[in-house]
Structures are given as C-alpha cells and as structure tokens.
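Beneath this line is the structure, given in structure tokens, with notes to follow.
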Amino acid sequence: MGEKVSIITISYNSQKSIEATMCSVLEQTYRPLEYVLVDGGSTDGTIQLIESYIPKFHEAGIETNFKSEPDKGISDAFNKGIERSTGDIIGIINSDDRLSDKQILKKIVDSFDSDCEVICGDILWVDEVNNMQYVRKSSMKLKKLKYDMVLMHPACFVKKTAYQKYGTFDVEFRYAMDKDLMARFYSNGVKFQRFPEVTTIMSAGGASDENAKKVFQEGVEIGVRNGVPRWVMRTREKYKTARLKLINIWKRGGVQDLERLRRRPYLYGLYRWTGKTDFRTWVHWMGISKYRVVYLFRKCKKYKDKNKVLFCFWRAIYGHYATKYGVDLGTTTQIGSGFIIRHVGGIAINGGVIIGKDCEILQGVTIGYERRGKRQGNPTIGDRVWIGSNAIIVGNIKVGNNVLIAPGAFVNFDVPDNSIVIGNPGKIIPSEKATEGYVVNTLDI
C-alpha cells in the first residue's frame, strides 16, 4: 500500500459549486485516500449536500472527515483541515475547483521523489463568464518566491512533514496566505519538484480573483518579511494593479459591466463603434483617427478639473491630433457619453455647445455661436442626434432627442423630438424612427 493522500476542501455557502468538487474526488482511483471537508457554518444547503455524499465516499473506500463550524477566515479553515488530515501527502482543492482526471492523484504519488516535500503541477483556469480558459503553469524559479507567487497553489501537494516542521498558514493573511507559506518553505530548504501536468481545474472568481488588490497589498508585507525592500514591493504592487486593469479590459470582449462603461466614456464610445470593449479592439481602434481624437478629447475632459499637469499633457497630444485631423472641438464643450465622429475633417464645434448622449457627427459639420439677434448664443443638442456631413447648426436653439439632421441642412431654429431636418433653409419632417439604423449600439448608461 502506498502513501496515504488527504484532500482538503473548505467551504462556506458553496452549494452551487461544491458538488463538482466532491465528484472529482469521488472518481479518483488512488487508495488509500482521505477526504477532509471543512465547512464554515454554511446556511445555503451546503452541509446537507456534503452529508448526502459521505455514504458514497465510504462505499468507494474513501475515508471522510467532515465538520462544520465558524472559522476565522480562509487561513484558519485551511489549518483546521491540515490538523485533521491523517495522510502523508496533503492537497487542497477549493469548493469551486476540481481535480483534472480520475488518475491524477495516482500520477502525483508515483512522481514524488524520495526527498521531495512539495510537488507542483499546473492548473487549467476557466472563466465561464468571458468564455475563456488557459493553462497556468508553476515555475521552478523558486528564488522569486520571496516576492512573487510563481507556483499554482491549487496544484501543489505537500508532505505533512513539511507542515509539521515549518508551520501552516499564517492567519494574519486573508488572501495571499499561500504566498507566505511557500516562501517560508523555500527559505527553510524544502525541496520542490515540478509535475508537468494539469492537476486542477480552477474556476475564475474565487477569493483571490475578487480581491486581487488586497492580494497585492498583502504581497508587499510578505516580500518585506522575506527581506525585500518595501519600495521594491510597492513598485511591484502598482505594476500588478495596472496590469490587472489591462487584463480585465482585454478579457471583456462584450459588455458585462455597465458601471465600468459609466466610469470610462471612451470605452462606451468603442462599444458604440464595434459592439466590443476588449483590449485588442481598443488597441486597433486607437490607430484610427476618428476614434483616437475623441479618446484624447475624453482624456482632456477627465483631468481638466482634477490634475492640471495631466490635463496639460493630454491637451498637448489632443491639440496635435485635432489639428492634424481637422477637428476644432474645444475642451470646454459639454458632450455626453457615446459621442462618435464618423468621419474627421472640417469639423468646428464651439466651446459653449452642449451635446447629449449617443450623438454622431460627420465631416464638415459646424455647430456654432450666433453673435447677435434673438438667437444669440450656442445650440443645445439632445440625445440620439445624428448630424450629416456639411450640416450647420447655429444660435441659441434646442435640438430635441431622436433627431436626424440631413447632410447640408442649415438649422437655426428649435427642433422637436423625433424629427428629421432637411434642406437649406431647413425643413422639419416628424418621424418616430428618425435615427433608426443611424444611431446604433446604444446602452442605457
């Protein structure tokens, strides 16, 4: 009989996901095998579901150790599982993850070198929301453990002797406890071994994913604990935070988060163009003049009253490209979300103009100030207004919502909602479908 393996799963209100985890343990062919389940006092039916599976484990010759009680967090729950485990080799599989195949534990046990205390495999990371998956591999560049988690903890299997000699998880850490543990093992001379296969299928959205910034913050303290200067760890924290933002943009090929588009009008503009907001699409469209100039305008608006240095920086870049593309659009102009310039060139919009949401203009458009008379002032443009090439809108007038102003039209009068304006002088044609097929990809944000 080979070495005994203990698999630990901690849970709290995991009814929707833990069954797949338990099934992946139940189908393992390796024996002797123990399954240690540590529940934090679930109230959603998790306890009952676990209890219904215990007879199945016993029938399959798998020992079980199950207890439900409040804990002090993930580290505390892990430690309870380790304390209750009677196996020689311990693996931790979270309640929304699963073992990769029914032979994987046998392969792992057979691969352990005699002096190895931690064996590290790979994980298949699955993001069902964004329809993505990829393999994340453990790296054997172990010197980096002082400041970076180069191992995939859900794919690490540890001899119990390592825990007995060097300790378990530090309850001071709530999210990066695995980083601290592996760094401690390495600094004490524990031998690590690479296992070149996927051992675990890991679902996106766990505690570390949802609290990534807190993981980075705890990583700073772990690095300092291992002798890395604090300023180095702070720099890494800022870098990782910025990289995470880019990755999240890249992952989202459509729109899953309206609040995100509210915070970033330039992304909503990209969605208006393409129906997408992913990083690759953004990079491509930044090379296109009609999107780039609006993006730079948005950057100026963002920092105009927040940061004078950044405002001056972005205004200089915007000014260069606005001149290059023939767009005279002042940074004092008030423009709602979803604004699109369909074609650049010969565009002049006065700084006192107000433009609503989801508006579009083409080349040669002038929206300007009337200097005298009863209509002295600037236009106010409503929502969902499409303005064709070479149209002119002047004076203190109001253009309503859902209005199409045809190419070459001259407008110096109020325009009601749901209208089409054609000709010079302009003529109003009522239409409930004025912008249908012209103003597209809009969202209520």
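Labels used: A, B, ... for chains in the order of the structure tokens, numbers from 1 for residues in each chain, and numbers from 1 for ligands as shown.
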
### Task
Find the residues near Met202 in chain A: any atom within 7 Å, counting only C-alpha atoms, skip ones fewer than 2 places away on the same chain, and give them as a VMD selection string.
chain A and resid 97 to 98 123 to 126 200 204

### Message
Quick one: residues within 12 Å of Pro196 in chain A, only C-alpha atoms, excluding same-chain residues fewer than 3 positions away - as a PyMOL selection string?
### Response
chain A and resi 104+107-108+111+119-123+135-140+155-156+193+199

### Task
Using only C-alpha atoms, determine which residues lie at most 9 Å from range 3-17 of chain A, disregarding the query and same-chain residues fewer than 2 positions distant; provide the list as a ChimeraX atom specification.
/A:1,19-22,25,30-47,49-50,74,77-78,81-82,85-97,105,109

Mind writing the picked residues with C-alpha atoms as a PDB file, in the first residue's frame?
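Output below, filename result-v3.pdb:
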```pdb
ATOM      1  CA  MET A   1       0.000   0.000   0.000  1.00  0.00           C
ATOM      2  CA  GLU A  19     -20.799  19.029  -5.875  1.00  0.00           C
ATOM      3  CA  ALA A  20     -18.461  19.086  -8.894  1.00  0.00           C
ATOM      4  CA  THR A  21     -15.508  19.281  -6.493  1.00  0.00           C
ATOM      5  CA  MET A  22     -16.703  16.278  -4.488  1.00  0.00           C
ATOM      6  CA  VAL A  25     -12.531  13.384  -5.582  1.00  0.00           C
ATOM      7  CA  TYR A  30      -5.940   6.036  -5.896  1.00  0.00           C
ATOM      8  CA  ARG A  31      -6.128   4.461  -2.444  1.00  0.00           C
ATOM      9  CA  PRO A  32      -5.581   4.983   0.452  1.00  0.00           C
ATOM     10  CA  LEU A  33      -7.428   8.302   0.169  1.00  0.00           C
ATOM     11  CA  GLU A  34      -8.983  10.577   2.769  1.00  0.00           C
ATOM     12  CA  TYR A  35     -11.330  13.499   2.087  1.00  0.00           C
ATOM     13  CA  VAL A  36     -11.348  16.247   4.728  1.00  0.00           C
ATOM     14  CA  LEU A  37     -14.221  18.716   4.421  1.00  0.00           C
ATOM     15  CA  VAL A  38     -14.067  21.916   6.482  1.00  0.00           C
ATOM     16  CA  ASP A  39     -17.240  23.986   6.385  1.00  0.00           C
ATOM     17  CA  GLY A  40     -17.516  27.437   7.960  1.00  0.00           C
ATOM     18  CA  GLY A  41     -21.139  27.132   9.061  1.00  0.00           C
ATOM     19  CA  SER A  42     -22.979  27.303   5.733  1.00  0.00           C
ATOM     20  CA  THR A  43     -26.662  28.204   5.649  1.00  0.00           C
ATOM     21  CA  ASP A  44     -27.492  27.543   1.979  1.00  0.00           C
ATOM     22  CA  GLY A  45     -27.735  23.739   1.907  1.00  0.00           C
ATOM     23  CA  THR A  46     -24.007  23.029   1.551  1.00  0.00           C
ATOM     24  CA  ILE A  47     -23.933  20.978   4.764  1.00  0.00           C
ATOM     25  CA  LEU A  49     -25.253  18.261   0.251  1.00  0.00           C
ATOM     26  CA  ILE A  50     -21.937  17.197   1.808  1.00  0.00           C
ATOM     27  CA  ILE A  74      -9.580  31.009   4.829  1.00  0.00           C
ATOM     28  CA  ALA A  77     -10.047  26.859   7.687  1.00  0.00           C
ATOM     29  CA  PHE A  78      -7.000  25.517   5.809  1.00  0.00           C
ATOM     30  CA  GLY A  81      -8.100  20.777   7.523  1.00  0.00           C
ATOM     31  CA  ILE A  82      -4.371  20.142   7.853  1.00  0.00           C
ATOM     32  CA  SER A  85      -5.675  15.176   7.990  1.00  0.00           C
ATOM     33  CA  THR A  86      -4.076  11.786   8.619  1.00  0.00           C
ATOM     34  CA  GLY A  87      -2.465  11.408   5.198  1.00  0.00           C
ATOM     35  CA  ASP A  88       1.218  11.550   4.282  1.00  0.00           C
ATOM     36  CA  ILE A  89       0.538  13.858   1.311  1.00  0.00           C
ATOM     37  CA  ILE A  90      -1.942  16.723   1.512  1.00  0.00           C
ATOM     38  CA  GLY A  91      -3.647  18.537  -1.351  1.00  0.00           C
ATOM     39  CA  ILE A  92      -6.081  21.452  -1.075  1.00  0.00           C
ATOM     40  CA  ILE A  93      -8.907  21.698  -3.629  1.00  0.00           C
ATOM     41  CA  ASN A  94     -11.244  24.655  -3.175  1.00  0.00           C
ATOM     42  CA  SER A  95     -15.008  24.266  -3.316  1.00  0.00           C
ATOM     43  CA  ASP A  96     -15.322  25.748  -6.808  1.00  0.00           C
ATOM     44  CA  ASP A  97     -12.377  23.790  -8.268  1.00  0.00           C
ATOM     45  CA  LEU A 105      -3.642  11.502  -7.610  1.00  0.00           C
ATOM     46  CA  VAL A 109       2.087   9.979  -5.739  1.00  0.00           C
TER      47      VAL A 109
END
```

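CA of Ile381 in chain A sits 18.3 Å away from CA of Pro265 in chain A.
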
### Message
Please determine, counting only C-alpha atoms, which residue among A:Arg184, A:Asp148, A:Leu142, A:Lys245 has the shortest atom-to-atom distance to Glu218 in chain A.
### Response
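Closest to Glu218 in chain A of all the choices is A:Asp148.
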
### Task
Report as a ChimeraX atom specification: the residues of range 153-257 of chain A with a DSSP assignment of strand (DSSP E or B), based on the backbone of this structure.
/A:156-159,192-203

For range 215-323 of chain A against range 331-337 of chain A, with a cut-off of 12 Å and counting only C-alpha atoms, what is the closest atom pair and its distance in Å to one decimal for every residue that makes the cut, ordered by chain and number, as JSON lines?
```
{"residue": "A:Leu261", "atom": "CA", "partner": "A:Ser337", "partner_atom": "CA", "distance": 9.2}
{"residue": "A:Arg262", "atom": "CA", "partner": "A:Ser337", "partner_atom": "CA", "distance": 8.1}
{"residue": "A:Arg263", "atom": "CA", "partner": "A:Ser337", "partner_atom": "CA", "distance": 10.2}
{"residue": "A:Arg264", "atom": "CA", "partner": "A:Ser337", "partner_atom": "CA", "distance": 9.1}
{"residue": "A:Pro265", "atom": "CA", "partner": "A:Ser337", "partner_atom": "CA", "distance": 5.6}
{"residue": "A:Tyr266", "atom": "CA", "partner": "A:Ser337", "partner_atom": "CA", "distance": 8.1}
{"residue": "A:Leu267", "atom": "CA", "partner": "A:Ser337", "partner_atom": "CA", "distance": 9.6}
{"residue": "A:Tyr268", "atom": "CA", "partner": "A:Ser337", "partner_atom": "CA", "distance": 7.1}
{"residue": "A:Gly269", "atom": "CA", "partner": "A:Ser337", "partner_atom": "CA", "distance": 7.2}
{"residue": "A:Leu270", "atom": "CA", "partner": "A:Ser337", "partner_atom": "CA", "distance": 10.9}
{"residue": "A:Tyr271", "atom": "CA", "partner": "A:Ser337", "partner_atom": "CA", "distance": 11.1}
{"residue": "A:Arg272", "atom": "CA", "partner": "A:Ser337", "partner_atom": "CA", "distance": 9.9}
{"residue": "A:Val293", "atom": "CA", "partner": "A:Thr331", "partner_atom": "CA", "distance": 11.9}
{"residue": "A:Val294", "atom": "CA", "partner": "A:Ile335", "partner_atom": "CA", "distance": 10.5}
{"residue": "A:Tyr295", "atom": "CA", "partner": "A:Ser337", "partner_atom": "CA", "distance": 11.5}
{"residue": "A:Leu296", "atom": "CA", "partner": "A:Thr331", "partner_atom": "CA", "distance": 10.2}
{"residue": "A:Phe297", "atom": "CA", "partner": "A:Thr331", "partner_atom": "CA", "distance": 6.8}
{"residue": "A:Arg298", "atom": "CA", "partner": "A:Thr331", "partner_atom": "CA", "distance": 8.7}
{"residue": "A:Lys299", "atom": "CA", "partner": "A:Thr331", "partner_atom": "CA", "distance": 9.8}
{"residue": "A:Cys300", "atom": "CA", "partner": "A:Thr331", "partner_atom": "CA", "distance": 6.7}
{"residue": "A:Lys301", "atom": "CA", "partner": "A:Thr331", "partner_atom": "CA", "distance": 6.3}
{"residue": "A:Lys302", "atom": "CA", "partner": "A:Thr331", "partner_atom": "CA", "distance": 10.1}
{"residue": "A:Tyr303", "atom": "CA", "partner": "A:Thr331", "partner_atom": "CA", "distance": 10.6}
{"residue": "A:Lys304", "atom": "CA", "partner": "A:Thr331", "partner_atom": "CA", "distance": 8.2}
{"residue": "A:Asp305", "atom": "CA", "partner": "A:Thr332", "partner_atom": "CA", "distance": 11.0}
{"residue": "A:Phe311", "atom": "CA", "partner": "A:Thr331", "partner_atom": "CA", "distance": 10.1}
{"residue": "A:Cys312", "atom": "CA", "partner": "A:Thr331", "partner_atom": "CA", "distance": 11.3}
{"residue": "A:Trp314", "atom": "CA", "partner": "A:Thr331", "partner_atom": "CA", "distance": 10.8}
{"residue": "A:Arg315", "atom": "CA", "partner": "A:Thr331", "partner_atom": "CA", "distance": 8.3}
{"residue": "A:Ala316", "atom": "CA", "partner": "A:Thr331", "partner_atom": "CA", "distance": 11.6}
{"residue": "A:Tyr318", "atom": "CA", "partner": "A:Thr331", "partner_atom": "CA", "distance": 9.6}
{"residue": "A:Gly319", "atom": "CA", "partner": "A:Thr331", "partner_atom": "CA", "distance": 9.9}
{"residue": "A:Ala322", "atom": "CA", "partner": "A:Thr331", "partner_atom": "CA", "distance": 11.2}
```

Put those residues in a file: N, CA, C and O atoms, as a compact mmCIF listing (two decimals), in the first residue's frame.
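Saved file part00.txt follows:
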```
# COMPACT_ATOMS: atom_id res chain seq x y z
N LEU A 261 -18.54 51.08 -17.97
CA LEU A 261 -18.67 51.99 -19.10
C LEU A 261 -19.05 53.39 -18.65
O LEU A 261 -18.69 54.37 -19.30
N ARG A 262 -19.76 53.47 -17.54
CA ARG A 262 -20.07 54.80 -17.00
C ARG A 262 -18.79 55.51 -16.56
O ARG A 262 -18.64 56.71 -16.72
N ARG A 263 -17.87 54.74 -15.97
CA ARG A 263 -16.63 55.32 -15.47
C ARG A 263 -15.67 55.65 -16.59
O ARG A 263 -14.81 56.51 -16.44
N ARG A 264 -15.79 54.96 -17.73
CA ARG A 264 -14.85 55.13 -18.83
C ARG A 264 -15.60 55.42 -20.12
O ARG A 264 -15.83 54.52 -20.94
N PRO A 265 -15.94 56.69 -20.37
CA PRO A 265 -16.72 57.03 -21.57
C PRO A 265 -16.04 56.62 -22.86
O PRO A 265 -16.71 56.31 -23.84
N TYR A 266 -14.70 56.60 -22.90
CA TYR A 266 -14.02 56.22 -24.13
C TYR A 266 -14.29 54.77 -24.50
O TYR A 266 -14.30 54.41 -25.68
N LEU A 267 -14.54 53.91 -23.48
CA LEU A 267 -14.87 52.52 -23.77
C LEU A 267 -16.29 52.40 -24.31
O LEU A 267 -16.56 51.56 -25.18
N TYR A 268 -17.19 53.23 -23.80
CA TYR A 268 -18.55 53.20 -24.34
C TYR A 268 -18.53 53.66 -25.80
O TYR A 268 -19.25 53.13 -26.64
N GLY A 269 -17.69 54.67 -26.11
CA GLY A 269 -17.55 55.08 -27.49
C GLY A 269 -17.06 53.94 -28.37
O GLY A 269 -17.53 53.75 -29.50
N LEU A 270 -16.11 53.13 -27.85
CA LEU A 270 -15.63 51.96 -28.58
C LEU A 270 -16.76 50.96 -28.79
O LEU A 270 -16.89 50.38 -29.87
N TYR A 271 -17.56 50.77 -27.74
CA TYR A 271 -18.70 49.86 -27.88
C TYR A 271 -19.68 50.36 -28.94
O TYR A 271 -20.22 49.58 -29.72
N ARG A 272 -19.89 51.68 -28.99
CA ARG A 272 -20.78 52.24 -30.00
C ARG A 272 -20.29 51.93 -31.40
O ARG A 272 -21.07 51.68 -32.32
N VAL A 293 -9.19 60.74 -31.86
CA VAL A 293 -9.38 62.13 -31.49
C VAL A 293 -10.43 62.29 -30.39
O VAL A 293 -10.28 63.12 -29.48
N VAL A 294 -11.48 61.47 -30.42
CA VAL A 294 -12.49 61.53 -29.36
C VAL A 294 -11.93 60.97 -28.06
O VAL A 294 -12.20 61.48 -26.97
N TYR A 295 -11.14 59.91 -28.15
CA TYR A 295 -10.49 59.34 -26.96
C TYR A 295 -9.63 60.40 -26.27
O TYR A 295 -9.69 60.58 -25.05
N LEU A 296 -8.82 61.12 -27.04
CA LEU A 296 -7.95 62.14 -26.47
C LEU A 296 -8.75 63.30 -25.90
O LEU A 296 -8.40 63.87 -24.86
N PHE A 297 -9.86 63.64 -26.56
CA PHE A 297 -10.76 64.67 -26.02
C PHE A 297 -11.29 64.24 -24.65
O PHE A 297 -11.34 65.03 -23.70
N ARG A 298 -11.68 62.96 -24.52
CA ARG A 298 -12.18 62.44 -23.24
C ARG A 298 -11.11 62.50 -22.16
O ARG A 298 -11.41 62.79 -20.99
N LYS A 299 -9.87 62.22 -22.52
CA LYS A 299 -8.79 62.30 -21.54
C LYS A 299 -8.63 63.74 -21.03
O LYS A 299 -8.42 63.97 -19.84
N CYS A 300 -8.73 64.70 -21.92
CA CYS A 300 -8.65 66.10 -21.50
C CYS A 300 -9.78 66.45 -20.54
O CYS A 300 -9.56 67.09 -19.51
N LYS A 301 -10.97 66.02 -20.87
CA LYS A 301 -12.12 66.32 -20.03
C LYS A 301 -11.97 65.67 -18.65
O LYS A 301 -12.33 66.26 -17.63
N LYS A 302 -11.41 64.46 -18.62
CA LYS A 302 -11.26 63.74 -17.36
C LYS A 302 -10.38 64.49 -16.38
O LYS A 302 -10.67 64.56 -15.18
N TYR A 303 -9.29 65.07 -16.90
CA TYR A 303 -8.31 65.69 -16.00
C TYR A 303 -8.41 67.22 -15.93
O TYR A 303 -7.64 67.84 -15.20
N LYS A 304 -9.36 67.80 -16.65
CA LYS A 304 -9.44 69.26 -16.72
C LYS A 304 -9.53 69.91 -15.35
O LYS A 304 -8.87 70.90 -15.06
N ASP A 305 -10.36 69.36 -14.47
CA ASP A 305 -10.54 69.93 -13.14
C ASP A 305 -9.92 69.09 -12.04
O ASP A 305 -10.07 69.39 -10.86
N PHE A 311 -3.77 67.22 -17.34
CA PHE A 311 -4.60 67.92 -18.33
C PHE A 311 -3.73 68.56 -19.40
O PHE A 311 -4.01 68.43 -20.60
N CYS A 312 -2.69 69.23 -19.00
CA CYS A 312 -1.79 69.87 -19.97
C CYS A 312 -1.13 68.83 -20.87
O CYS A 312 -0.95 69.04 -22.08
N TRP A 314 -2.33 65.78 -21.73
CA TRP A 314 -3.29 65.24 -22.70
C TRP A 314 -3.76 66.31 -23.68
O TRP A 314 -4.00 66.01 -24.86
N ARG A 315 -3.86 67.56 -23.24
CA ARG A 315 -4.29 68.62 -24.14
C ARG A 315 -3.27 68.84 -25.24
O ARG A 315 -3.63 69.12 -26.40
N ALA A 316 -1.99 68.73 -24.90
CA ALA A 316 -0.95 68.88 -25.92
C ALA A 316 -1.07 67.80 -26.99
O ALA A 316 -0.97 68.09 -28.19
N TYR A 318 -3.80 65.96 -27.62
CA TYR A 318 -5.08 66.16 -28.30
C TYR A 318 -4.99 67.29 -29.31
O TYR A 318 -5.47 67.18 -30.45
N GLY A 319 -4.37 68.41 -28.91
CA GLY A 319 -4.25 69.55 -29.82
C GLY A 319 -3.53 69.20 -31.10
O GLY A 319 -3.90 69.64 -32.19
N ALA A 322 -5.99 66.89 -33.11
CA ALA A 322 -7.17 67.62 -33.54
C ALA A 322 -6.84 68.51 -34.73
O ALA A 322 -7.61 68.61 -35.70
```

### Task
Give the helix (DSSP H, G or I) residues of range 60-282 of chain A, as assigned by DSSP on the backbone, as a PyMOL selection string.
chain A and resi 74-84+104-111+142-146+153-155+160-166+177-187+207-210+212-225+230-251+258-263+265-274+279-282

### Task
Would you list the contacts of Lys374 in chain A as JSON, numbers by chain, taking every protein, DNA or RNA residue within 12 Å and counting only C-alpha atoms, but skipping same-chain residues closer than 2 positions in sequence?
{"A": [370, 371, 372, 376, 377, 378, 395, 396, 397, 412, 413]}

Restrict the selected residues to C-alpha atoms and save them as a compact mmCIF listing (two decimals), in the first residue's frame.
```
# COMPACT_ATOMS: atom_id res chain seq x y z
CA GLU A 370 -24.62 83.24 -33.20
CA ARG A 371 -23.20 86.63 -32.25
CA ARG A 372 -26.29 88.84 -32.36
CA GLN A 376 -27.53 84.92 -29.82
CA GLY A 377 -25.73 82.02 -28.16
CA ASN A 378 -24.89 78.34 -28.70
CA GLY A 395 -27.65 80.05 -32.42
CA ASN A 396 -29.29 79.66 -29.05
CA ILE A 397 -31.60 76.86 -30.17
CA ASN A 412 -31.09 78.00 -36.76
CA PHE A 413 -34.42 77.12 -35.13
```

### Query
Skipping near chain neighbours, those fewer than 5 positions away, what residues fall within 9 Å of range 225-236 of chain A using only C-alpha atoms, listed as a ChimeraX atom specification?
/A:146-147,180,183-184,187,216-217,219-220,241

### Query
Which residues, written as a list in words, have at least one atom at most 9 Å from Glu432 in chain A, with only C-alpha atoms counted and residues fewer than 3 positions away on the same chain left out?
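After dropping sequence-adjacent residues, the list is Asn402, Asp417, Asn418, Ser419, Thr435 and Glu436 of chain A.
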
Those same residues - N, CA and C atoms - I'd like them written as a short mmCIF file (atom, residue, chain, number, x, y, z; two decimals), in the first residue's frame.
```cif
data_model
loop_
_atom_site.label_atom_id
_atom_site.label_comp_id
_atom_site.auth_asym_id
_atom_site.auth_seq_id
_atom_site.Cartn_x
_atom_site.Cartn_y
_atom_site.Cartn_z
N ASN A 402 -33.67 62.09 -30.52
CA ASN A 402 -34.03 61.27 -31.68
C ASN A 402 -34.28 62.14 -32.90
N ASP A 417 -38.47 66.80 -30.61
CA ASP A 417 -38.09 65.38 -30.59
C ASP A 417 -38.66 64.66 -31.81
N ASN A 418 -37.98 63.55 -32.16
CA ASN A 418 -38.49 62.64 -33.20
C ASN A 418 -38.71 63.37 -34.52
N SER A 419 -37.63 63.97 -35.03
CA SER A 419 -37.74 64.76 -36.26
C SER A 419 -36.57 64.50 -37.19
N THR A 435 -33.80 58.27 -36.26
CA THR A 435 -32.40 57.82 -36.24
C THR A 435 -32.25 56.30 -36.30
N GLU A 436 -33.33 55.61 -36.59
CA GLU A 436 -33.26 54.15 -36.67
C GLU A 436 -32.29 53.73 -37.78
#
```
